[in-house]
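A quick write-up on the structure given underneath.
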Amino acid sequence: MIFYDRMQFAFTITFHYLFPQLTMGLSLLIVYFKWKFLRTKIDKYNDAAIFWMKIFALNFAMGVVTGIPMEFQFGTNWAKFSELTGGIIGQTLAMEGMFSFFLESSFLGLFLFGEKLLGHKLHFVTGFLVFLGSWASGYLILATHSWMQYPVGYEILENGKFVLNNFGALFSNPWLLPSYLHNQAGSMVTSSFVMAGVGAFYLLSNKHNEFGKLFVKTGVIFGLISSLLVAFPTGDLLAKNVAEHQPVAFAAMEGIFETEDGGAEIVLIGQPNMLEKKLDNKIAVPNILSFLTYQDWNMQIKGLNEFDEDVHPTNVPGLYYAYHIMVGLGTIFIGLMLLAAFQLFRKKLYKTTWILWALMLMIPFPYIANTTGWYTAELGRQPWLVYNLLRTADGASPTVSSGNTLFTLLGFIGLYLLLGMLFLMLAGKIINKGPQLNQH
Amino acid sequence: MELFWYIVLMTMLAIYVVLDGYDFGAGIIHLFFAKTEKDKKAITNAIGPFWDANEVWLIAVGGVLFFAFPTLYASSFSGFYLPLMLILWLLIFRAIGLELRGQIKNAMWEAIWDKAFGIASLLLALFFGVALGNIVRGVNLGNVVNGVSTHEAHYFFLPLWNSTFSPQAEQLGVIDWFTLLLGVIGVVALTIHGANWIIFKTNSDLNKKLKKVVFNLNIVMVALVITSLLVWHVIEPKPFHNFMQYPWLWILPVIALTGLIGLFKVKSFKKDGHGFVFSTLFLLGGLASTVASIFPKVLPSTNAINPDLTIYNVAADDYGLTVGVYWFAIAAVLVVIYMIIQYRVFNGKMDDVGYGDH
């Protein structure tokens, strides 16, 4: 019964997060273009800002309409969880609505339709406020997420309810800062790769060449910085958090079934064999994992065998693949962006066709990396909703039957398929038309 | 503390109804009265830059409900599972109808999204009225069957309807003749409200016709209000109990009545905004009277076994509610500032905003 509840949440949140991961990063890039225009008065930058605003507006609309179901679903499908923990996570979720959604939505209208009314400077300010709102939203969601991963500032009453006893602890949670920065860097990766990819598309199709160059250059610079930040220090800190506080999840992520004597190897490739509790076709490098995690080549890392079966993540292969796909793609991103930046530095990037092709074809992959990153966090938390305190199975709505949940899950799948097709069609149309000169 | 957050929540709900109410109303007007492209443009210009911010009030209401009254949030959202999901899907259709229509210049494309926007707006207005009806009528808390609770005392589940469509059946449905009546009131009230907003914010050719529409619908409204008051005792034997105990509450129905009477003068208003003021008064007064009549209940129980949900047995603990006051006060000031800025920039008539032109 809980299966459909989990599927519905997973499906709707996966689809939803395709949009905010672009808009959060893109808002910063648009503000950057607008700022460049104010400083240089070169029209190209303003035209670029207006072009990306159109992409932004479409993504934002998709993010809003798929975001409202997220807040509803805590209550509709996870009523027991909401009842027991609402006094705590309700704080951060209500704050998200009050602090960031109002900010974003009020100024988005002004940003999209107010350029003529406001003048360029105020228009820049509204863009900045939209950026601020979207990043605040991410912060409060990550605060909620961090509490579920690493609960702080609470006590549990006799009736099982979690009550808050330290508001500040929600924000000084050691889980919060690394995961927030990691997530925002991931969002910057997506938007930089999309920008670079669209620029590469223009250069390869030999149209809008001026803008193509600008987009490739901006995308590669921001893409290199953010790809590096995702790995170090943010990803590194987060992995150390997991190793320290969720060792069983860490073992599953890394594919360590048995504790080995001496340092642990890092697995590059291999398929978890859940029947024999081992990795098939393993390719691994000895001792690296111990060094990366503890800066000690010979530090022991616990395997899954050290933990009771009933606290193992419920989907070990899923968790393992999610984590490895994320890390693998992250490594490829750094490599590609280093090459592209090197060619940019030598002023040869716009002629290096194979890198442009790679940049263009790479557009979907940051989305995959961000999604699998979230799957790593969420599958790693299983079988818990609140780590070590409340099991997922105990959080679902007691009165909603699986037939009704399957009905709405199917409805969401159909509706979101339609939304996805419309989005691709319209985004394709905007990109194909390209930036227009001197629109203001 | 519970009372403070109840007032906050109800105020936010009222703001949501007034703001998104005009969006829904504009959608209904768009569906039935907008014939030419110019009419349609006028309507979408009047709400385009606002609808998204207005909808945020719904999310904010949900967030504050979750935080201040988690048990009510859990109970009602799971109990009203199906209608809430339908509302979500309608909100999605309505939003994409508005946002996507202008993306492609093609008569068929525009016709599809016009209908999506209009029909979704109509159904949403209906559903929100039905929702209010469900809260007034109450639900079978604990899903009592033959005198025995089948669930914890504060949980329930309602199908969309039962075979009798009666608000007095033991096994209730979301839609019965009483809740449907409130649904129709919702549609008529928001249509009037939306028409007033369009009159207020545009110089469109529709305005003259809309004034006539407001006048005629207001007659229907009066009939519906009288009918609903007559049948109210079926649901609640002592509907005036709170009003007898606290006579100052009578100001709420008086406000509603002022709005209703004022709207009959729609054709002779000097300023285009006056109609909107009166329909706002009607919505606020009507909504406030309704929730005041059941206070402190927030979800009455229709069986004798499980107690009503009141603001006192569904609230979060005191520390959380107290600490919330601080951040909420800051956020509320900011929200007011945003709204002032937003409505000052888009001050006056909005015929030239160019919503959906890009």
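Letters A, B, ... go to the chains of the structure tokens in the order shown; residues in each chain start at 1; ligands are counted from 1 in the same order.
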### Message
Residues of chain A within 6 Å of chain B, counting only C-alpha atoms, what are they? List them as a PyMOL selection string.
### Response
chain A and resi 65+75-76+79+82-83+86-87+90-91+93-94+97-99+105-106+109+164+399
### Query
Among stretch 109-331 of chain B, which ones does DSSP place in helix (DSSP H, G or I), written as a count of residues only?
144
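With distances restricted to only C-alpha atoms, A:Ile55 is the closest residue to A:Val198 from A:Ser134, A:Ile55, A:Ala341, A:Asn183.
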### Surrounding residues of B:Lys267 excluding itself and chain neighbours under 2 positions, 9 Å, only C-alpha atoms, as JSON, numbers by chain
{"B": [208, 211, 212, 215, 263, 264, 265, 269, 270]}
### Query
What lies within 10 Å of A:Phe33 using only C-alpha atoms, ignoring chain neighbours under 3 positions off, as a list in words?
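Neighbouring residues, sequence-local ones excluded: Ser27, Leu28, Leu29, Ile30, Lys36, Phe37, Leu38, Arg39, Lys44, Tyr45, Asn46, Asp47, Ala48, Ala49, Ile50, Trp52, Phe124 and Thr218 of chain A.
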Go ahead and dump the residues you just picked, C-alpha atoms, as an mmCIF file, in the first residue's frame.
```
data_model
loop_
_atom_site.group_PDB
_atom_site.id
_atom_site.type_symbol
_atom_site.label_atom_id
_atom_site.label_comp_id
_atom_site.auth_asym_id
_atom_site.auth_seq_id
_atom_site.Cartn_x
_atom_site.Cartn_y
_atom_site.Cartn_z
ATOM 1 C CA SER A 27 18.232 33.552 -12.171
ATOM 2 C CA LEU A 28 21.813 34.239 -11.099
ATOM 3 C CA LEU A 29 23.030 34.140 -14.711
ATOM 4 C CA ILE A 30 20.273 36.501 -15.846
ATOM 5 C CA LYS A 36 26.921 43.500 -17.260
ATOM 6 C CA PHE A 37 24.528 45.583 -19.331
ATOM 7 C CA LEU A 38 24.209 48.244 -16.645
ATOM 8 C CA ARG A 39 27.988 48.460 -16.395
ATOM 9 C CA LYS A 44 23.960 42.393 -26.333
ATOM 10 C CA TYR A 45 23.868 41.716 -22.596
ATOM 11 C CA ASN A 46 20.365 43.077 -22.153
ATOM 12 C CA ASP A 47 19.143 41.088 -25.167
ATOM 13 C CA ALA A 48 20.711 37.990 -23.663
ATOM 14 C CA ALA A 49 18.991 38.674 -20.326
ATOM 15 C CA ILE A 50 15.630 39.059 -22.067
ATOM 16 C CA TRP A 52 16.913 33.831 -20.952
ATOM 17 C CA PHE A 124 17.851 44.641 -12.382
ATOM 18 C CA THR A 218 29.448 32.412 -19.814
#
```
B:Phe240 surroundings by only C-alpha atoms, 12 Å radius, close-in-sequence under 3 positions cut, as an mmCIF file with C-alpha atoms, in the first residue's frame:
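Result file result22.cif:
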```
data_model
loop_
_atom_site.group_PDB
_atom_site.id
_atom_site.type_symbol
_atom_site.label_atom_id
_atom_site.label_comp_id
_atom_site.auth_asym_id
_atom_site.auth_seq_id
_atom_site.Cartn_x
_atom_site.Cartn_y
_atom_site.Cartn_z
ATOM 1 C CA LEU B 229 -30.006 30.283 5.148
ATOM 2 C CA TRP B 232 -28.816 25.745 7.071
ATOM 3 C CA HIS B 233 -30.652 24.343 10.093
ATOM 4 C CA GLU B 236 -26.633 22.856 12.139
ATOM 5 C CA PRO B 237 -29.666 22.957 14.447
ATOM 6 C CA PHE B 243 -24.007 35.089 17.386
ATOM 7 C CA MET B 244 -26.293 35.033 20.421
ATOM 8 C CA GLN B 245 -23.352 34.590 22.743
ATOM 9 C CA TYR B 246 -21.171 37.264 21.140
ATOM 10 C CA PRO B 247 -23.526 39.851 19.631
ATOM 11 C CA LEU B 249 -20.283 39.037 15.615
ATOM 12 C CA TRP B 250 -23.399 40.359 13.874
ATOM 13 C CA PRO B 253 -23.259 39.284 8.242
ATOM 14 C CA SER B 289 -19.899 34.724 9.182
ATOM 15 C CA THR B 290 -19.693 31.098 8.126
ATOM 16 C CA VAL B 291 -16.533 30.225 10.035
ATOM 17 C CA ALA B 292 -17.665 32.313 13.035
ATOM 18 C CA SER B 293 -20.865 30.273 13.267
ATOM 19 C CA ILE B 294 -18.915 27.040 13.880
ATOM 20 C CA PHE B 295 -16.027 28.491 15.943
#
```
### Task
From stretch 99-227 of chain A, collect each residue whose DSSP state is strand (DSSP E or B) and return the set as a list of chain:residue names.
A:Tyr154, A:Glu155, A:Ile156, A:Phe162, A:Val163, A:Leu164
Take the residues from that selection and put them in a file with N, CA and C atoms, as a PDB file, in the first residue's frame.
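Contents of again.pdb, freshly written:
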```pdb
ATOM      1  N   TYR A 154      14.633  18.783  18.907  1.00  0.00           N
ATOM      2  CA  TYR A 154      13.288  18.229  19.091  1.00  0.00           C
ATOM      3  C   TYR A 154      13.221  17.462  20.405  1.00  0.00           C
ATOM      4  N   GLU A 155      12.014  17.216  20.875  1.00  0.00           N
ATOM      5  CA  GLU A 155      11.815  16.136  21.835  1.00  0.00           C
ATOM      6  C   GLU A 155      10.582  15.347  21.403  1.00  0.00           C
ATOM      7  N   ILE A 156      10.490  14.106  21.865  1.00  0.00           N
ATOM      8  CA  ILE A 156       9.364  13.255  21.466  1.00  0.00           C
ATOM      9  C   ILE A 156       8.437  13.079  22.659  1.00  0.00           C
ATOM     10  N   PHE A 162       6.582  14.717  17.639  1.00  0.00           N
ATOM     11  CA  PHE A 162       7.847  15.442  17.733  1.00  0.00           C
ATOM     12  C   PHE A 162       7.516  16.905  17.990  1.00  0.00           C
ATOM     13  N   VAL A 163       8.092  17.482  19.039  1.00  0.00           N
ATOM     14  CA  VAL A 163       7.870  18.911  19.226  1.00  0.00           C
ATOM     15  C   VAL A 163       9.211  19.633  19.228  1.00  0.00           C
ATOM     16  N   LEU A 164       9.157  20.845  18.730  1.00  0.00           N
ATOM     17  CA  LEU A 164      10.361  21.655  18.612  1.00  0.00           C
ATOM     18  C   LEU A 164      10.718  22.198  19.993  1.00  0.00           C
TER      19      LEU A 164
END
```
### Task
Write out as a PyMOL selection string each polymer residue whose atoms come within 7 Å of B:Met350, counting only C-alpha atoms; drop sequence neighbours fewer than 5 positions from it.
chain B and resi 45-46+201-202
## Note on the structure
In Å and to one decimal, atom CA of A:Pro151 is distant from atom CA of A:His245 by 11.0 Å
### Query
For A:Pro178, which residue out of A:Thr371, A:Thr12, A:Thr234, A:Thr408 is the nearest one, using only C-alpha atoms?
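With only C-alpha atoms as the atom set, the closest residue is A:Thr234.
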### Query
What's the 12 Å shell around A:Arg391, counting only C-alpha atoms, without same-chain residues fewer than 2 positions away, as a list of chain:residue names?
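Final neighbour list, sorted by chain and number: A:Ile2, A:Trp78, A:Lys80, A:Phe81, A:Leu84, A:Met148, A:Asp310, A:Val311, A:Pro313, A:Thr314, A:Arg381, A:Gln382, A:Pro383, A:Trp384, A:Leu385, A:Val386, A:Tyr387, A:Asn388, A:Leu389, A:Ala393, A:Asp394, A:Gly395, A:Ala396.
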### Task
Could you please determine the separation between atom CA of B:Gly21 and atom CA of B:Gly194 in Å, to one decimal place?
7.0 Å
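Take the candidates A:Phe423, A:Lys121, A:Asn77, A:His182 and check each one against A:Phe3 using only C-alpha atoms; the shortest distance goes to A:Asn77.
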### Task
Using atom CA of A:Leu319 and atom CA of A:Glu96 as the two end points, give the distance in Å to one decimal.
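Going from atom CA of A:Leu319 over to atom CA of A:Glu96 covers 28.6 Å.
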